[in-house]
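File shown here: final-v7.cif, holding mmCIF, C-alpha atoms.
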data_work
loop_
_atom_site.label_atom_id
_atom_site.label_comp_id
_atom_site.auth_asym_id
_atom_site.auth_seq_id
_atom_site.Cartn_x
_atom_site.Cartn_y
_atom_site.Cartn_z
CA MET A 203 0.00 0.00 0.00
CA LEU A 204 1.10 3.59 -0.59
CA SER A 205 0.88 4.39 3.13
CA ASP A 206 3.52 1.73 3.83
CA ARG A 207 6.16 3.40 1.69
CA ASP A 208 8.87 5.45 3.41
CA TYR A 209 8.37 8.61 1.36
CA MET A 210 4.67 8.69 2.28
CA HIS A 211 5.61 8.68 5.97
CA GLU A 212 8.00 11.57 5.37
CA VAL A 213 5.34 13.67 3.64
CA SER A 214 2.78 13.08 6.37
CA ALA A 215 5.20 13.88 9.20
CA LYS A 216 4.08 16.84 11.30
CA PRO A 217 6.22 19.99 10.91
CA ARG A 218 8.27 20.88 13.95
CA TRP A 219 8.18 24.27 15.62
CA SER A 220 11.25 26.41 15.39
CA ALA A 221 12.99 27.37 18.64
CA THR A 222 12.19 31.01 17.92
CA ILE A 223 8.45 30.37 17.71
CA ALA A 224 8.58 28.19 20.83
CA ILE A 225 10.20 31.02 22.80
CA LEU A 226 7.58 33.48 21.58
CA VAL A 227 4.71 31.18 22.52
CA LEU A 228 6.17 30.57 25.98
CA ASN A 229 6.52 34.30 26.54
CA VAL A 230 2.88 34.90 25.62
CA VAL A 231 1.61 31.96 27.70
CA VAL A 232 3.58 32.98 30.81
CA PHE A 233 2.49 36.60 30.43
CA GLY A 234 -1.11 35.39 30.31
CA ILE A 235 -0.55 33.33 33.48
CA GLN A 236 1.15 36.30 35.13
CA TYR A 237 -1.72 38.61 34.21
CA GLY A 238 -4.32 36.07 35.34
CA ALA A 239 -2.55 35.44 38.65
CA GLY A 240 -2.46 39.15 39.43
CA ARG A 241 -6.13 39.56 38.58
CA PHE A 242 -7.69 36.43 40.07
CA PHE A 243 -5.18 35.49 42.77
CA PRO A 244 -3.89 38.85 44.06
CA ASP A 245 -2.68 37.35 47.34
CA TYR A 246 -0.37 34.83 45.68
CA PRO A 247 3.23 36.12 45.69
CA PHE A 248 3.78 35.40 41.99
CA ASP A 249 6.38 38.12 41.46
CA ASP A 250 8.20 37.27 44.68
CA ARG A 251 8.57 33.67 43.55
CA PHE A 252 9.38 34.08 39.87
CA ALA A 253 10.63 37.62 39.14
CA LEU A 254 14.39 38.04 39.58
CA SER A 255 15.54 39.79 42.75
CA VAL A 256 18.42 39.80 45.19
CA ALA A 257 16.05 38.73 47.96
CA GLY A 258 14.82 35.83 45.87
CA ILE A 259 18.31 34.58 45.04
CA LYS A 260 19.32 34.89 48.70
CA SER A 261 16.27 32.80 49.56
CA GLY A 262 17.43 30.07 47.21
CA TYR A 263 15.02 30.82 44.37
CA VAL A 264 17.67 30.20 41.72
CA TRP A 265 15.00 29.33 39.17
CA GLN A 266 14.30 33.05 38.98
CA LEU A 267 17.27 33.35 36.61
CA LEU A 268 15.14 31.41 34.12
CA THR A 269 11.56 32.37 35.00
CA TYR A 270 12.15 36.12 34.97
CA GLN A 271 12.96 35.86 31.26
CA PHE A 272 9.34 34.93 30.47
CA MET A 273 7.68 37.59 32.64
CA HIS A 274 6.89 41.13 31.49
CA ALA A 275 5.71 44.38 33.01
CA SER A 276 3.24 45.44 30.29
CA PHE A 277 1.85 44.65 26.85
CA LEU A 278 4.31 47.07 25.25
CA HIS A 279 7.18 45.41 27.12
CA ILE A 280 6.37 41.94 25.84
CA PHE A 281 5.58 43.22 22.34
CA LEU A 282 8.98 44.90 21.92
CA ASN A 283 10.89 41.90 23.27
CA CYS A 284 8.94 39.40 21.17
CA TRP A 285 9.43 41.53 18.06
CA ALA A 286 13.21 41.57 18.59
CA ILE A 287 13.26 37.81 19.21
CA PHE A 288 11.20 37.18 16.06
CA VAL A 289 13.26 39.45 13.80
CA PHE A 290 16.74 38.38 14.93
CA GLY A 291 16.09 34.92 16.36
CA ARG A 292 15.01 33.35 13.06
CA GLU A 293 18.23 34.22 11.22
CA VAL A 294 20.44 33.26 14.16
CA GLU A 295 18.62 29.94 14.51
CA LEU A 296 18.99 29.17 10.80
CA TYR A 297 22.73 29.77 11.04
CA LEU A 298 23.51 28.12 14.38
CA GLY A 299 20.74 25.52 14.58
CA LYS A 300 18.09 25.07 17.26
CA ALA A 301 20.26 23.72 20.08
CA ARG A 302 22.95 26.39 19.85
CA MET A 303 20.43 29.18 19.36
CA LEU A 304 18.58 28.12 22.53
CA ALA A 305 21.87 27.86 24.41
CA LEU A 306 22.81 31.35 23.23
CA TYR A 307 19.44 32.80 24.18
CA PHE A 308 19.21 31.36 27.68
CA THR A 309 22.90 31.90 28.43
CA SER A 310 22.47 35.57 27.53
CA GLY A 311 19.36 35.80 29.69
CA ILE A 312 21.06 34.22 32.68
CA ALA A 313 24.22 36.29 32.26
CA GLY A 314 22.15 39.47 32.05
CA GLY A 315 20.20 38.50 35.14
CA LEU A 316 23.36 37.73 37.09
CA LEU A 317 24.95 41.07 36.18
CA GLN A 318 21.80 42.98 37.16
CA VAL A 319 21.50 41.12 40.48
CA LEU A 320 25.20 41.64 41.21
CA GLY A 321 24.88 45.36 40.59
CA THR A 322 21.76 45.57 42.74
CA TRP A 323 23.43 43.65 45.55
CA LEU A 324 26.63 45.75 45.52
CA LEU A 325 25.05 49.15 44.79
CA PRO A 326 21.37 49.02 45.77
CA GLN A 327 21.03 52.82 45.87
CA HIS A 328 22.35 53.04 42.32
CA PHE A 329 20.46 50.16 40.71
CA GLY A 330 17.40 50.13 42.95
CA ASP A 331 16.06 47.09 44.75
CA GLY A 332 13.11 46.21 42.53
CA ALA A 333 12.60 42.83 40.88
CA VAL A 334 13.60 42.35 37.23
CA VAL A 335 11.39 40.83 34.53
CA GLY A 336 11.63 40.55 30.78
CA ALA A 337 13.24 38.74 27.87
CA SER A 338 15.45 41.72 26.99
CA ALA A 339 18.77 40.15 28.00
CA GLY A 340 18.14 37.10 25.82
CA ALA A 341 16.84 39.31 23.01
CA PHE A 342 20.00 41.44 23.15
CA GLY A 343 22.03 38.25 22.99
CA LEU A 344 20.27 37.44 19.72
CA VAL A 345 20.80 40.96 18.38
CA THR A 346 24.50 40.66 19.20
CA ALA A 347 24.83 37.26 17.55
CA TYR A 348 23.03 38.60 14.47
CA ALA A 349 25.50 41.51 14.26
CA VAL A 350 28.45 39.14 14.63
CA LEU A 351 27.12 36.76 11.98
CA PHE A 352 25.83 39.38 9.53
CA PRO A 353 27.68 42.62 10.37
CA ASP A 354 27.02 44.34 7.03
CA ARG A 355 23.35 43.40 6.78
CA ILE A 356 21.24 46.55 6.26
CA LEU A 357 18.40 46.99 8.74
CA ILE A 358 15.50 49.43 8.59
CA LEU A 359 14.37 50.51 12.06
CA LEU A 360 11.41 52.68 12.96
CA LEU A 361 12.62 55.43 15.28
CA PHE A 362 9.82 56.28 17.71
CA PHE A 363 7.73 53.81 15.65
CA VAL A 364 7.47 56.42 12.89
CA LEU A 365 10.79 57.50 11.34
CA PRO A 366 12.54 54.82 9.21
CA VAL A 367 16.27 54.70 9.87
CA LYS A 368 18.74 52.56 7.91
CA MET A 369 21.80 51.13 9.62
CA ARG A 370 24.10 48.16 9.41
CA ALA A 371 23.75 45.37 11.93
CA ARG A 372 27.14 46.19 13.45
CA THR A 373 26.02 49.81 13.92
CA LEU A 374 22.90 48.66 15.75
CA LEU A 375 25.14 46.61 18.04
CA TRP A 376 27.38 49.59 18.83
CA VAL A 377 24.34 51.74 19.56
CA SER A 378 22.94 49.03 21.84
CA ILE A 379 26.27 48.77 23.69
CA ALA A 380 26.47 52.55 24.13
CA VAL A 381 22.91 52.80 25.49
CA ALA A 382 23.41 49.82 27.82
CA ILE A 383 26.65 51.22 29.24
CA ALA A 384 25.19 54.71 29.64
CA GLY A 385 22.11 53.31 31.36
CA THR A 386 24.24 51.17 33.68
CA VAL A 387 26.47 54.09 34.68
CA VAL A 388 23.65 56.61 34.92
CA PRO A 389 20.35 54.70 35.26
CA PHE A 390 17.41 56.20 33.39
CA GLY A 391 13.93 54.88 32.88
CA ASN A 392 12.59 51.82 34.61
CA ILE A 393 14.98 49.64 32.58
CA ALA A 394 17.46 46.97 33.66
CA HIS A 395 20.35 48.29 31.57
CA ALA A 396 22.90 46.06 33.33
CA ALA A 397 20.87 43.02 32.24
CA HIS A 398 20.97 44.29 28.65
CA LEU A 399 24.72 44.74 28.90
CA GLY A 400 25.16 41.25 30.31
CA GLY A 401 23.08 39.80 27.47
CA ILE A 402 25.18 41.65 24.91
CA LEU A 403 28.47 40.48 26.42
CA SER A 404 27.29 36.88 26.68
CA GLY A 405 25.87 36.94 23.15
CA TYR A 406 29.15 38.25 21.76
CA VAL A 407 31.33 35.67 23.51
CA PHE A 408 28.98 32.80 22.67
CA SER A 409 28.60 33.69 19.00
CA ARG A 410 32.33 34.30 18.54
CA LEU A 411 33.24 30.97 20.07
CA THR A 412 30.63 28.96 18.18
CA THR A 413 30.88 30.48 14.71
CA GLN A 414 34.55 29.59 14.31
CA ARG A 415 34.05 26.07 15.58
CA PHE A 416 30.88 25.24 13.68
CA ARG A 417 31.27 27.34 10.53
CA ALA A 418 31.82 24.28 8.32
CA THR A 419 29.82 21.82 10.42
CA PRO A 420 26.54 20.54 8.90
CA ARG A 421 23.56 21.47 11.08
CA SER A 422 20.86 18.87 10.61
CA ASP A 423 18.62 20.53 13.22
CA GLN A 424 18.18 23.78 11.32
CA PHE A 425 15.45 22.52 9.02
CA TYR A 426 11.89 22.47 10.27
#

Please express the file's structure as structure tokens.
Amino acid sequence: MLSDRDYMHEVSAKPRWSATIAILVLNVVVFGIQYGAGRFFPDYPFDDRFALSVAGIKSGYVWQLLTYQFMHASFLHIFLNCWAIFVFGREVELYLGKARMLALYFTSGIAGGLLQVLGTWLLPQHFGDGAVVGASAGAFGLVTAYAVLFPDRILILLLFFVLPVKMRARTLLWVSIAVAIAGTVVPFGNIAHAAHLGGILSGYVFSRLTTQRFRATPRSDQFY
């Protein structure tokens, strides 16, 4: 029968999700849970348990280094992070493959979280003592990897969501580094700039180390 032939099984196989889409879906699902918990279970200490804070790490809540990456403060916050992950994550995943892209993303998120917590612990008056949420550190790791892999790629960004601005990927990286350093030295806005800087540094080191090693290595996991 036709259904017994190998090529028929291959055609009917279900397509697999990309790592980029999986990250986006998890972000949306967790944000929905976060929003629902705050609305329907206001007494449950959701943020205390899962948002990243010095107090939480001191209490042994080490999972916060992972869970904070899927929590967000507002709809705009999650939209901007998911947009960056979608735009840059797809190209990085195609080049590095699923496993290495996920390792890059979560390593950047953890490194960013650790740098932010360290700064808050050492200089609480400078960094503030609030909890940190958001996928920004991981997203900046992807932006950095994209700039390392495709430095001359031309990007069109909407400044203030209105003005189109053209720049090379490497220029975007330098701008991101400058803003992250400035925000870490002189904090402005309710933004974890140190986490962004940690994500950038981790993304740069990871992508530099992996691209040389795996440049000529076939990546069977990049097709989905």

Please build the interface table for range 237-305 of chain A against range 221-230 of chain A with a cut-off of 6 Å, listing for each qualifying residue the nearest atom pair and the distance in Å to one decimal; count all atoms listed in the file, order rows by chain and increasing number, and write it as a tab-separated table.
residue	atom	partner	partner_atom	distance
A:Phe272	CA	A:Asn229	CA	4.9
A:Gly291	CA	A:Thr222	CA	5.7
A:Lys300	CA	A:Ala221	CA	5.8

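We find CA of Phe242 in chain A and CA of Val264 in chain A to be spaced 26.2 Å apart.
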
For this session: Could you tell me which residues the PyMOL selection byres ((chain A and resi 408) around 9) grabs in this file, written as a PyMOL selection string?
Result: chain A and resi 305-306+309-310+343+347+403-407+409-413

Exercise. What is the CA of Val256 in chain A to CA of Val319 in chain A distance in Å?
Worked result: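 Result for CA of Val256 in chain A versus CA of Val319 in chain A: 5.8 Å, one decimal.
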
Seminar exercise, completed: Taken to one decimal, the CA of Asn283 in chain A-CA of Ala382 in chain A distance is 15.5 Å

Exercise. Which residue gives the smallest distance to Tyr297 in chain A among A:Ile393, A:Val350, A:Leu324, A:Leu267, with only C-alpha atoms counted?
Worked result: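 Residue with the minimum atom-to-atom distance to Tyr297 in chain A: A:Val350.
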
For this session: Skip Phe252 in chain A itself and residues of its chain fewer than 4 positions away, then list as an MDAnalysis selection string all residues within 12 Å of it, counting all atoms listed in the file.
Result: chainID A and resid 232:233 235:236 246:248 256:259 261:274 333:336

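Run against this file, the PyMOL selection byres ((chain A and resi 381) around 12) gives back Phe342, Leu374, Leu375, Trp376, Val377, Ser378, Ile379, Ala380, Ala382, Ile383, Ala384, Gly385, Thr386, Val387, Val388, Pro389, Phe390, Gly391, Ile393, Ala394, His395, Ala396, His398, Leu399 and Ile402 of chain A.
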
File dump, residues just selected, C-alpha atoms, as an mmCIF file, in the coordinates of the input:
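Contents of again.cif, as written:
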data_model
loop_
_atom_site.group_PDB
_atom_site.id
_atom_site.type_symbol
_atom_site.label_atom_id
_atom_site.label_comp_id
_atom_site.auth_asym_id
_atom_site.auth_seq_id
_atom_site.Cartn_x
_atom_site.Cartn_y
_atom_site.Cartn_z
ATOM 1 C CA PHE A 342 20.000 41.440 23.150
ATOM 2 C CA LEU A 374 22.900 48.660 15.750
ATOM 3 C CA LEU A 375 25.140 46.610 18.040
ATOM 4 C CA TRP A 376 27.380 49.590 18.830
ATOM 5 C CA VAL A 377 24.340 51.740 19.560
ATOM 6 C CA SER A 378 22.940 49.030 21.840
ATOM 7 C CA ILE A 379 26.270 48.770 23.690
ATOM 8 C CA ALA A 380 26.470 52.550 24.130
ATOM 9 C CA ALA A 382 23.410 49.820 27.820
ATOM 10 C CA ILE A 383 26.650 51.220 29.240
ATOM 11 C CA ALA A 384 25.190 54.710 29.640
ATOM 12 C CA GLY A 385 22.110 53.310 31.360
ATOM 13 C CA THR A 386 24.240 51.170 33.680
ATOM 14 C CA VAL A 387 26.470 54.090 34.680
ATOM 15 C CA VAL A 388 23.650 56.610 34.920
ATOM 16 C CA PRO A 389 20.350 54.700 35.260
ATOM 17 C CA PHE A 390 17.410 56.200 33.390
ATOM 18 C CA GLY A 391 13.930 54.880 32.880
ATOM 19 C CA ILE A 393 14.980 49.640 32.580
ATOM 20 C CA ALA A 394 17.460 46.970 33.660
ATOM 21 C CA HIS A 395 20.350 48.290 31.570
ATOM 22 C CA ALA A 396 22.900 46.060 33.330
ATOM 23 C CA HIS A 398 20.970 44.290 28.650
ATOM 24 C CA LEU A 399 24.720 44.740 28.900
ATOM 25 C CA ILE A 402 25.180 41.650 24.910
#

For this session: Pick out the closest residue to Gly299 in chain A from this set: A:Ser220, A:Phe243, A:Gly234, A:Phe281. Count all atoms listed in the file.
Result: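 Of A:Ser220, A:Phe243, A:Gly234, A:Phe281, the one nearest Gly299 in chain A, counting all atoms listed in the file, is A:Ser220.
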
Could I see range 330-341 of chain A restored to all heavy atoms, set down as a PDB file, in the frame of the given file?
ATOM      1  N   GLY A 330      18.729  50.367  42.424  1.00  0.00           N
ATOM      2  CA  GLY A 330      17.400  50.130  42.950  1.00  0.00           C
ATOM      3  C   GLY A 330      17.258  48.701  43.429  1.00  0.00           C
ATOM      4  O   GLY A 330      18.085  47.842  43.113  1.00  0.00           O
ATOM      5  N   ASP A 331      16.211  48.433  44.186  1.00  0.00           N
ATOM      6  CA  ASP A 331      16.060  47.090  44.750  1.00  0.00           C
ATOM      7  C   ASP A 331      14.826  46.371  44.210  1.00  0.00           C
ATOM      8  O   ASP A 331      14.360  45.400  44.803  1.00  0.00           O
ATOM      9  CB  ASP A 331      15.984  47.166  46.279  1.00  0.00           C
ATOM     10  CG  ASP A 331      14.844  48.073  46.755  1.00  0.00           C
ATOM     11  OD1 ASP A 331      14.154  48.665  45.895  1.00  0.00           O
ATOM     12  OD2 ASP A 331      14.659  48.187  47.976  1.00  0.00           O
ATOM     13  N   GLY A 332      14.282  46.856  43.103  1.00  0.00           N
ATOM     14  CA  GLY A 332      13.110  46.210  42.530  1.00  0.00           C
ATOM     15  C   GLY A 332      13.442  44.932  41.803  1.00  0.00           C
ATOM     16  O   GLY A 332      14.593  44.691  41.416  1.00  0.00           O
ATOM     17  N   ALA A 333      12.427  44.087  41.606  1.00  0.00           N
ATOM     18  CA  ALA A 333      12.600  42.830  40.880  1.00  0.00           C
ATOM     19  C   ALA A 333      12.725  43.120  39.388  1.00  0.00           C
ATOM     20  O   ALA A 333      12.261  44.144  38.888  1.00  0.00           O
ATOM     21  CB  ALA A 333      11.438  41.897  41.153  1.00  0.00           C
ATOM     22  N   VAL A 334      13.364  42.199  38.672  1.00  0.00           N
ATOM     23  CA  VAL A 334      13.600  42.350  37.230  1.00  0.00           C
ATOM     24  C   VAL A 334      12.777  41.309  36.477  1.00  0.00           C
ATOM     25  O   VAL A 334      12.733  40.138  36.862  1.00  0.00           O
ATOM     26  CB  VAL A 334      15.098  42.153  36.905  1.00  0.00           C
ATOM     27  CG1 VAL A 334      15.343  42.276  35.405  1.00  0.00           C
ATOM     28  CG2 VAL A 334      15.939  43.164  37.666  1.00  0.00           C
ATOM     29  N   VAL A 335      12.122  41.751  35.404  1.00  0.00           N
ATOM     30  CA  VAL A 335      11.390  40.830  34.530  1.00  0.00           C
ATOM     31  C   VAL A 335      11.671  41.215  33.085  1.00  0.00           C
ATOM     32  O   VAL A 335      12.035  42.352  32.792  1.00  0.00           O
ATOM     33  CB  VAL A 335       9.863  40.875  34.789  1.00  0.00           C
ATOM     34  CG1 VAL A 335       9.531  40.387  36.189  1.00  0.00           C
ATOM     35  CG2 VAL A 335       9.311  42.294  34.565  1.00  0.00           C
ATOM     36  N   GLY A 336      11.503  40.242  32.193  1.00  0.00           N
ATOM     37  CA  GLY A 336      11.630  40.550  30.780  1.00  0.00           C
ATOM     38  C   GLY A 336      12.621  39.677  30.036  1.00  0.00           C
ATOM     39  O   GLY A 336      13.579  39.160  30.611  1.00  0.00           O
ATOM     40  N   ALA A 337      12.388  39.551  28.734  1.00  0.00           N
ATOM     41  CA  ALA A 337      13.240  38.740  27.870  1.00  0.00           C
ATOM     42  C   ALA A 337      14.326  39.575  27.203  1.00  0.00           C
ATOM     43  O   ALA A 337      14.980  39.102  26.266  1.00  0.00           O
ATOM     44  CB  ALA A 337      12.384  38.065  26.797  1.00  0.00           C
ATOM     45  N   SER A 338      14.532  40.798  27.673  1.00  0.00           N
ATOM     46  CA  SER A 338      15.450  41.720  26.990  1.00  0.00           C
ATOM     47  C   SER A 338      16.875  41.202  26.921  1.00  0.00           C
ATOM     48  O   SER A 338      17.545  41.364  25.895  1.00  0.00           O
ATOM     49  CB  SER A 338      15.423  43.080  27.686  1.00  0.00           C
ATOM     50  OG  SER A 338      14.133  43.628  27.673  1.00  0.00           O
ATOM     51  N   ALA A 339      17.378  40.615  28.000  1.00  0.00           N
ATOM     52  CA  ALA A 339      18.770  40.150  28.000  1.00  0.00           C
ATOM     53  C   ALA A 339      18.972  39.077  26.933  1.00  0.00           C
ATOM     54  O   ALA A 339      19.945  39.103  26.176  1.00  0.00           O
ATOM     55  CB  ALA A 339      19.146  39.612  29.378  1.00  0.00           C
ATOM     56  N   GLY A 340      18.051  38.121  26.866  1.00  0.00           N
ATOM     57  CA  GLY A 340      18.140  37.100  25.820  1.00  0.00           C
ATOM     58  C   GLY A 340      17.973  37.683  24.437  1.00  0.00           C
ATOM     59  O   GLY A 340      18.659  37.285  23.492  1.00  0.00           O
ATOM     60  N   ALA A 341      17.056  38.659  24.301  1.00  0.00           N
ATOM     61  CA  ALA A 341      16.840  39.310  23.010  1.00  0.00           C
ATOM     62  C   ALA A 341      18.099  40.053  22.566  1.00  0.00           C
ATOM     63  O   ALA A 341      18.483  39.998  21.386  1.00  0.00           O
ATOM     64  CB  ALA A 341      15.655  40.269  23.101  1.00  0.00           C
TER      65      ALA A 341
END
